[in-house]
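Colleague: Structure supplied as my_file_18.cif; contents: mmCIF, C-alpha atoms and all ligand atoms.
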data_structure
loop_
_atom_site.label_atom_id
_atom_site.label_comp_id
_atom_site.auth_asym_id
_atom_site.auth_seq_id
_atom_site.Cartn_x
_atom_site.Cartn_y
_atom_site.Cartn_z
CA MET R 1 78.49 158.96 91.28
CA GLU R 2 77.76 155.45 90.04
CA ARG R 3 78.26 156.40 86.41
CA ALA R 4 81.50 158.19 87.28
CA LEU R 5 82.80 155.07 89.03
CA GLN R 6 81.94 152.96 86.00
CA ILE R 7 83.85 155.32 83.73
CA ILE R 8 86.85 155.36 86.07
CA ASN R 9 86.84 151.54 86.08
CA LYS R 10 86.73 151.47 82.32
CA LEU R 11 89.61 153.95 82.15
CA GLN R 12 91.65 151.71 84.43
CA ARG R 13 90.97 148.70 82.22
CA GLU R 14 91.01 150.19 78.74
CA HIS R 15 92.80 153.54 79.07
CA ASP R 16 90.20 155.07 76.86
CA ALA R 17 86.93 156.94 77.20
CA GLY R 18 84.55 158.96 75.06
CA ARG R 19 84.20 162.73 75.17
CA ASP R 20 80.95 162.65 77.17
CA GLU R 21 82.49 160.26 79.66
CA LEU R 22 85.52 162.51 80.16
CA ILE R 23 83.27 165.52 80.68
CA HIS R 24 81.19 163.59 83.21
CA VAL R 25 84.27 162.64 85.23
CA LEU R 26 85.73 166.16 85.05
CA LYS R 27 82.55 167.44 86.68
CA ILE R 28 82.37 165.07 89.66
CA ASP R 29 82.48 166.73 93.10
CA ASP R 30 84.33 163.96 94.89
CA SER R 31 87.54 163.54 92.91
CA LYS R 32 89.04 161.01 95.34
CA PRO R 33 88.21 157.79 93.44
CA LEU R 34 89.61 159.29 90.23
CA LEU R 35 92.86 160.40 91.85
CA VAL R 36 93.29 157.04 93.60
CA ALA R 37 92.73 155.15 90.33
CA ALA R 38 95.32 157.33 88.60
CA ASP R 39 97.81 156.81 91.41
CA LYS R 40 97.41 153.03 91.09
CA THR R 41 97.84 153.20 87.33
CA ARG R 42 100.96 155.33 87.80
CA GLU R 43 102.39 152.74 90.17
CA ARG R 44 101.58 149.85 87.86
CA PHE R 45 103.00 151.38 84.68
CA VAL R 46 105.88 153.64 85.75
CA GLY R 47 106.51 152.52 89.32
CA ASP R 48 107.60 154.48 92.35
CA GLU R 49 110.49 156.39 90.79
CA VAL R 50 110.08 160.14 90.45
CA HIS R 51 112.34 161.61 87.80
CA LEU R 52 114.02 164.96 88.40
CA ARG R 53 114.63 167.32 85.49
CA GLY R 54 116.90 170.32 86.04
CA LEU R 55 115.17 173.37 84.62
CA ILE R 56 117.28 176.20 83.19
CA GLU R 57 115.29 179.27 82.20
CA LEU R 58 117.73 180.76 79.73
CA THR R 59 115.89 183.86 78.56
CA ASN R 60 112.83 185.89 79.51
CA PHE R 61 112.76 187.79 76.22
CA CYS R 62 109.75 186.80 74.15
CA ARG R 63 108.38 188.00 70.85
CA ASN R 64 104.89 186.68 71.61
CA THR R 65 102.02 188.36 73.38
CA CYS R 66 100.14 185.50 75.04
CA LEU R 67 97.48 187.11 77.19
CA TYR R 68 98.20 185.10 80.34
CA CYS R 69 101.99 185.17 80.37
CA GLY R 70 104.13 187.62 82.33
CA LEU R 71 106.89 187.36 79.71
CA ARG R 72 104.65 188.74 76.92
CA ALA R 73 106.45 191.24 74.70
CA GLN R 74 104.19 194.13 75.75
CA ASN R 75 105.12 193.82 79.39
CA LYS R 76 107.43 196.79 79.73
CA ASN R 77 107.67 196.43 83.51
CA LEU R 78 109.89 193.40 83.30
CA LYS R 79 113.66 193.59 83.26
CA ARG R 80 114.78 191.26 80.49
CA TYR R 81 117.80 188.95 80.45
CA HIS R 82 119.35 186.26 78.36
CA MET R 83 121.99 183.98 79.79
CA SER R 84 125.12 183.77 77.69
CA VAL R 85 125.73 180.47 75.90
CA GLY R 86 128.67 179.90 78.23
CA ASP R 87 126.54 180.50 81.34
CA VAL R 88 123.90 178.07 80.14
CA ILE R 89 126.52 175.36 79.69
CA LYS R 90 128.06 176.13 83.09
CA THR R 91 124.68 176.00 84.81
CA ALA R 92 123.94 172.68 83.12
CA ARG R 93 127.28 171.36 84.33
CA VAL R 94 126.44 172.33 87.92
CA ALA R 95 123.06 170.62 87.59
CA ALA R 96 124.66 167.45 86.14
CA ASP R 97 127.20 167.46 88.98
CA MET R 98 124.29 167.64 91.43
CA GLY R 99 123.13 164.30 89.99
CA LEU R 100 120.40 165.47 87.62
CA LYS R 101 120.02 163.19 84.61
CA THR R 102 117.96 165.51 82.42
CA ILE R 103 118.56 169.17 81.65
CA VAL R 104 115.64 171.22 80.36
CA LEU R 105 116.41 174.41 78.45
CA GLN R 106 113.34 176.61 78.56
CA GLY R 107 112.87 180.15 77.40
CA GLY R 108 110.74 182.73 75.71
CA GLU R 109 110.83 182.92 71.92
CA ASP R 110 113.99 184.98 71.67
CA ALA R 111 115.98 185.47 68.45
CA TYR R 112 119.10 186.16 70.55
CA TYR R 113 120.19 182.53 70.23
CA SER R 114 120.95 181.44 66.70
CA LEU R 115 120.17 177.89 65.64
CA GLU R 116 123.93 177.27 65.79
CA ASP R 117 123.99 178.54 69.41
CA ILE R 118 121.18 176.21 70.36
CA CYS R 119 122.84 173.23 68.69
CA TYR R 120 126.16 174.10 70.31
CA MET R 121 124.58 174.18 73.77
CA ILE R 122 122.89 170.82 73.11
CA THR R 123 126.15 169.20 71.98
CA ARG R 124 128.13 170.52 74.94
CA ILE R 125 125.48 169.60 77.51
CA LYS R 126 125.13 166.08 76.06
CA GLU R 127 128.82 165.59 76.97
CA PHE R 128 127.74 165.61 80.62
CA GLY R 129 125.93 162.31 80.09
CA VAL R 130 122.43 163.72 80.51
CA ALA R 131 119.25 163.77 78.46
CA VAL R 132 118.48 167.17 76.95
CA THR R 133 114.96 168.54 76.75
CA LEU R 134 114.19 171.76 74.89
CA SER R 135 111.28 174.09 75.53
CA LEU R 136 112.00 177.04 73.27
CA GLY R 137 108.80 177.46 71.33
CA GLU R 138 107.86 177.26 67.67
CA PHE R 139 110.44 176.68 64.92
CA PRO R 140 110.32 175.49 61.32
CA ARG R 141 110.85 171.79 60.79
CA TYR R 142 114.44 172.14 59.55
CA ALA R 143 115.41 173.86 62.82
CA TYR R 144 113.88 171.09 64.94
CA LYS R 145 115.73 168.61 62.74
CA LYS R 146 119.07 170.31 63.41
CA MET R 147 118.37 170.32 67.16
CA ARG R 148 117.56 166.63 67.05
CA GLN R 149 120.72 165.91 65.06
CA ALA R 150 122.72 167.88 67.64
CA GLY R 151 121.49 165.37 70.21
CA ALA R 152 118.38 166.84 71.82
CA ASP R 153 116.19 164.05 73.17
CA ARG R 154 112.92 165.70 74.05
CA TYR R 155 110.87 168.79 73.30
CA LEU R 156 108.11 170.48 75.29
CA LEU R 157 105.53 172.60 73.51
CA ARG R 158 102.17 172.95 75.18
CA ILE R 159 99.17 173.35 72.95
CA GLU R 160 97.79 175.48 75.85
CA THR R 161 94.19 174.85 74.68
CA THR R 162 92.84 172.87 71.75
CA ASN R 163 89.82 175.12 71.40
CA LYS R 164 90.64 177.14 68.30
CA ARG R 165 88.57 180.14 69.31
CA LEU R 166 90.05 180.33 72.79
CA TYR R 167 93.52 179.66 71.34
CA GLY R 168 93.10 182.58 68.97
CA LYS R 169 91.97 184.89 71.77
CA MET R 170 94.83 183.93 74.08
CA HIS R 171 97.62 184.01 71.49
CA PRO R 172 97.43 187.07 69.24
CA GLY R 173 99.54 186.56 66.14
CA LEU R 174 100.08 182.82 66.69
CA SER R 175 98.43 180.16 64.60
CA PHE R 176 96.83 177.06 66.07
CA GLU R 177 97.60 175.16 62.88
CA ASN R 178 101.28 176.00 63.12
CA ARG R 179 101.42 174.82 66.71
CA VAL R 180 99.88 171.49 65.72
CA ARG R 181 102.35 171.33 62.80
CA CYS R 182 105.23 171.83 65.26
CA LEU R 183 104.02 168.96 67.46
CA GLY R 184 103.65 166.67 64.45
CA ASP R 185 107.15 167.52 63.25
CA LEU R 186 108.65 166.94 66.70
CA LYS R 187 107.05 163.50 66.95
CA ASP R 188 108.06 162.66 63.43
CA LEU R 189 111.68 163.67 64.03
CA GLY R 190 111.89 161.28 66.95
CA PHE R 191 111.78 163.69 69.85
CA GLU R 192 110.01 162.48 72.94
CA THR R 193 107.31 165.07 72.63
CA GLY R 194 105.59 166.85 75.47
CA THR R 195 102.55 169.04 75.36
CA GLY R 196 99.82 170.11 77.76
CA CYS R 197 97.39 172.83 78.61
CA LEU R 198 96.45 175.54 81.04
CA VAL R 199 93.55 174.70 83.31
CA GLY R 200 91.10 177.45 84.20
CA LEU R 201 91.75 179.99 81.47
CA PRO R 202 88.97 182.59 81.35
CA GLY R 203 86.29 181.25 79.01
CA GLN R 204 87.48 177.63 79.18
CA THR R 205 84.84 174.94 79.74
CA TYR R 206 84.87 171.27 80.77
CA ASP R 207 84.05 170.36 77.18
CA MET R 208 87.22 172.09 76.02
CA LEU R 209 89.30 170.28 78.65
CA ALA R 210 87.86 166.95 77.46
CA ASP R 211 88.92 167.88 73.92
CA ASP R 212 92.42 168.67 75.23
CA LEU R 213 92.59 165.16 76.73
CA ILE R 214 91.48 163.59 73.46
CA PHE R 215 94.14 165.59 71.61
CA PHE R 216 96.88 164.34 73.98
CA LYS R 217 95.75 160.77 73.43
CA GLU R 218 95.57 161.11 69.65
CA LEU R 219 99.02 162.69 69.50
CA ASP R 220 100.28 159.87 71.74
CA ALA R 221 102.22 162.52 73.65
CA ASP R 222 105.22 161.21 75.59
CA MET R 223 104.92 163.86 78.29
CA ILE R 224 102.05 166.02 79.45
CA GLY R 225 102.51 169.08 81.62
CA LEU R 226 99.53 170.96 82.90
CA GLY R 227 98.78 173.36 85.66
CA PRO R 228 96.24 175.88 86.86
CA PHE R 229 96.15 179.29 85.23
CA ILE R 230 97.65 181.83 87.64
CA PRO R 231 96.77 185.48 86.91
CA SER R 232 99.94 187.41 86.29
CA PRO R 233 100.27 191.15 86.98
CA ASP R 234 101.05 193.33 83.98
CA THR R 235 99.00 191.08 81.70
CA PRO R 236 95.47 191.63 80.36
CA LEU R 237 94.30 188.72 82.56
CA ALA R 238 95.73 190.14 85.79
CA HIS R 239 92.31 190.44 87.45
CA GLN R 240 90.79 187.17 86.31
CA ARG R 241 90.07 184.26 88.62
CA PRO R 242 92.84 181.64 88.96
CA GLY R 243 92.33 178.09 87.77
CA ASP R 244 90.98 175.51 90.21
CA VAL R 245 93.59 173.18 91.73
CA ASP R 246 91.10 170.32 91.97
CA VAL R 247 90.26 170.51 88.29
CA ALA R 248 93.97 170.62 87.45
CA LEU R 249 94.51 167.48 89.56
CA LYS R 250 91.58 165.75 87.86
CA MET R 251 93.21 166.56 84.52
CA VAL R 252 96.53 165.07 85.72
CA ALA R 253 94.67 161.94 86.82
CA LEU R 254 92.77 161.61 83.54
CA VAL R 255 95.98 162.01 81.54
CA ARG R 256 97.57 159.20 83.56
CA LEU R 257 94.59 156.93 82.95
CA LEU R 258 94.49 157.69 79.21
CA LEU R 259 98.24 157.47 78.65
CA PRO R 260 99.39 155.17 81.44
CA ASP R 261 103.11 154.91 80.62
CA ILE R 262 104.05 158.52 79.89
CA ASN R 263 105.95 161.04 82.00
CA ILE R 264 103.81 163.60 83.80
CA PRO R 265 105.35 166.38 85.88
CA SER R 266 103.84 167.79 89.00
CA THR R 267 104.27 171.30 87.63
CA THR R 268 105.63 174.52 89.07
CA ALA R 269 102.21 176.12 88.63
CA LEU R 270 100.66 173.42 90.85
CA GLY R 271 103.45 173.83 93.40
CA THR R 272 102.99 177.61 93.33
CA ILE R 273 99.24 177.90 93.68
CA ALA R 274 98.92 175.41 96.56
CA GLY R 275 101.39 174.83 99.40
CA ASP R 276 101.14 171.08 98.95
CA GLY R 277 100.62 171.24 95.19
CA TYR R 278 103.70 169.24 94.15
CA LYS R 279 102.77 166.49 96.57
CA ARG R 280 99.16 166.36 95.45
CA GLY R 281 100.28 166.18 91.81
CA LEU R 282 102.51 163.21 92.60
CA GLU R 283 99.57 161.55 94.37
CA SER R 284 97.26 162.07 91.38
CA GLY R 285 99.27 160.40 88.63
CA ALA R 286 102.41 162.55 88.22
CA ASN R 287 105.91 161.01 88.29
CA VAL R 288 108.26 163.92 87.51
CA ILE R 289 109.44 167.11 89.25
CA MET R 290 111.43 169.83 87.51
CA PRO R 291 113.53 171.65 90.11
CA ASN R 292 114.67 175.11 89.07
CA MET R 293 118.41 175.38 88.47
CA GLY R 294 118.41 179.15 88.00
CA MET R 295 120.59 181.49 89.99
CA GLY R 296 118.67 184.09 92.06
CA HIS R 297 118.73 187.19 89.90
CA TYR R 298 117.67 185.37 86.75
CA LYS R 299 115.05 183.23 88.36
CA LYS R 300 113.12 186.17 89.80
CA LEU R 301 112.86 187.69 86.34
CA TYR R 302 111.44 184.54 84.76
CA SER R 303 108.00 185.49 85.97
CA LEU R 304 105.43 183.67 83.86
CA TYR R 305 103.20 184.19 86.90
CA PRO R 306 103.74 185.43 90.47
CA GLY R 307 104.61 183.44 93.58
CA LYS R 308 107.33 181.12 92.30
CA MET R 309 109.49 179.87 95.12
CA ALA R 310 112.78 181.59 95.78
CA GLY R 311 115.92 179.58 96.58
CA SER R 312 119.13 178.18 95.20
CA PRO R 313 119.29 175.17 92.86
CA GLN R 314 120.40 173.13 95.89
CA GLN R 315 117.33 174.21 97.85
CA HIS R 316 114.96 173.42 94.99
CA LEU R 317 116.51 170.00 94.52
CA GLY R 318 116.47 169.32 98.26
CA ASN R 319 112.84 170.36 98.46
CA ALA R 320 111.87 168.04 95.59
CA LYS R 321 113.76 165.13 97.16
CA ASN R 322 112.05 165.71 100.52
CA ILE R 323 108.62 165.62 98.90
CA ILE R 324 109.49 162.38 97.08
CA ARG R 325 110.75 160.75 100.28
CA SER R 326 107.75 161.95 102.28
CA LEU R 327 105.59 159.95 99.88
CA ASP R 328 107.77 156.84 100.23
CA ARG R 329 108.69 157.09 96.59
CA ARG R 330 112.16 156.79 95.10
CA ILE R 331 114.30 159.29 93.24
CA GLY R 332 114.76 158.25 89.61
CA THR R 333 118.21 156.87 88.87
CA GLY R 334 118.17 156.88 85.06
CA GLN R 335 117.41 159.44 82.40
CA GLY R 336 113.73 158.64 82.71
CA PHE R 337 112.59 158.10 79.15
CA ARG R 338 109.02 157.04 78.50
CA ALA R 339 108.64 153.59 79.98
CA VAL R 340 108.79 150.89 77.34
CA SER R 341 106.07 149.01 79.08
CA HIS R 342 103.33 148.78 76.51
CA SER R 343 103.21 145.09 77.34
CA CYS R 344 102.46 145.76 81.00
CA PHE R 345 98.76 144.99 80.83
CA ASN R 346 98.73 142.47 83.67
N1 LIG O 401 99.68 180.64 84.71
C1 LIG O 401 99.99 179.32 84.59
N2 LIG O 401 100.81 178.83 83.65
C2 LIG O 401 101.36 179.70 82.80
N3 LIG O 401 102.19 179.53 81.74
C3 LIG O 401 102.45 180.72 81.19
N4 LIG O 401 101.80 181.69 81.86
C4 LIG O 401 101.10 181.08 82.85
C5 LIG O 401 100.22 181.55 83.87
N5 LIG O 401 99.91 182.84 84.00
C6 LIG O 401 102.60 178.19 81.28
C7 LIG O 401 102.26 177.98 79.80
C8 LIG O 401 103.60 177.64 79.17
C9 LIG O 401 104.42 177.17 80.35
C10 LIG O 401 105.89 177.27 80.16
O1 LIG O 401 103.99 178.04 81.39
O2 LIG O 401 101.38 176.87 79.69
O3 LIG O 401 103.52 176.64 78.17
#
Represent the supplied structure as structure tokens.

Modeller:
Amino acid sequence: MERALQIINKLQREHDAGRDELIHVLKIDDSKPLLVAADKTRERFVGDEVHLRGLIELTNFCRNTCLYCGLRAQNKNLKRYHMSVGDVIKTARVAADMGLKTIVLQGGEDAYYSLEDICYMITRIKEFGVAVTLSLGEFPRYAYKKMRQAGADRYLLRIETTNKRLYGKMHPGLSFENRVRCLGDLKDLGFETGTGCLVGLPGQTYDMLADDLIFFKELDADMIGLGPFIPSPDTPLAHQRPGDVDVALKMVALVRLLLPDINIPSTTALGTIAGDGYKRGLESGANVIMPNMGMGHYKKLYSLYPGKMAGSPQQHLGNAKNIIRSLDRRIGTGQGFRAVSHSCFN
């Protein structure tokens, strides 16, 4: 334990650690000192505000076949939908009227929306005075550029795992190099860029998770979302063991210590796998919640994994606010960009 405490101290001071040190900390049994250190660092760098991002899941069509994901193209047991462009804009309007300052458009990789459609939605939603985050998968650079020019502020694209072999196994037909290319382009085009990984994929090791952390740091990601792998029915991984919540929380904490001023959501996967998952995420370094703005019939169909909470947008927002208040934290009042607090090394 003594070595672990030394590494945690160093992380608090220097926000850096070597691969072996990260692996050592990932393996500790008593995660408490790590989570407490991350919570302190969160408070020091990004304060007590928790930012809310209204999540609109616009389509569950997907051309990809990721082994873990319930939306994979081969899943014939899923009723598919896309929201019309008009419905997306209307839903965003409702979310903005509810006080949300960021709208996240997330969906499977679905050719239904043309680049013009996507840019049109961005432009219209920006009129509501909100930040717009996209999470629509891989595109060529020119498409990302158009989205940025249309006013999109942020983009989420998880690397899922940085281990090339595991990446290849989990994502038939996708290329690891292209995913890294996408992230580089997004950064370069001035998006606040988010990435992240799944924790507890079959075959994943602590060494691989340490490499994921190093990748996040080297990319200087502006947002990191991660959560435990949850086996999804109608996927090849349906009968595998779920990811460990404690390891996922340790990852959240290590991300906070390595990248102290970024935005880190307490993710839906965390909130789904454990009753108090959102709360524990917020106590381990996270400072964002993404309440679901979907209407009932759509939301049920957006089944990346089972067990997602039912409820109206109002209920999801209310639930998030209650969790924030129960922790004596405050609800974010601005658009919640990455804190410009690089000078905050007091
Ligand atoms: N368990 C946990 N997270 C999942 N995702 C997809 N399928 C699963 C699953 N079975 C995550 C991926 C993706 C994000 C939108 O959802 O990491 O990037």

Colleague: Residues up to 6 Å from ligand LIG 401 (chain O), counting only C-alpha atoms and all ligand atoms: could you list those as a PyMOL selection string?

Modeller: chain R and resi 68-69+158+160+197-198+228-232+269+304-305

Colleague: Looking at R:Leu11, R:Val130, R:Ile125, R:Ile103, which one is nearest to Ala150 (chain R), with distances taken over only C-alpha atoms?

Modeller: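 Of the candidates, the smallest distance to Ala150 (chain R) is held by R:Ile125.
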
Colleague: Could you name the residues that touch Phe216 (chain R) at 9 Å or less, counting all atoms listed in the file, but leaving out those on the same chain fewer than 2 positions away, as a list in words?

Modeller: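 My list of contacting residues is Thr195, Gly196, Asp211, Asp212, Leu213, Ile214, Glu218, Leu219, Asp220, Ala221, Ile224, Val255, Leu258 and Leu259 of chain R.
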
Colleague: I want to know what sits within 10 Å of Leu35 (chain R), based on only C-alpha atoms, with residues of the same chain fewer than 5 positions away left out; could you give that as a list of chain:residue names?

Modeller: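 Residues meeting the cut-off are R:Ile8, R:Asp30, R:Lys40, R:Thr41, R:Leu249, R:Lys250, R:Met251, R:Val252, R:Ala253, R:Leu254, R:Arg256, R:Leu257, R:Arg280, R:Gly281, R:Glu283, R:Ser284, R:Gly285.
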
Colleague: Could you please determine the separation between CA of Glu21 (chain R) and CA of Ala38 (chain R) in Å, to one decimal place?

Modeller: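 Computing it gives 15.9 Å between the two atoms.
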
Colleague: Between CA of Ile89 (chain R) and CA of Asn77 (chain R), measure the distance and give it in Å to one decimal.

Modeller: 28.5 Å
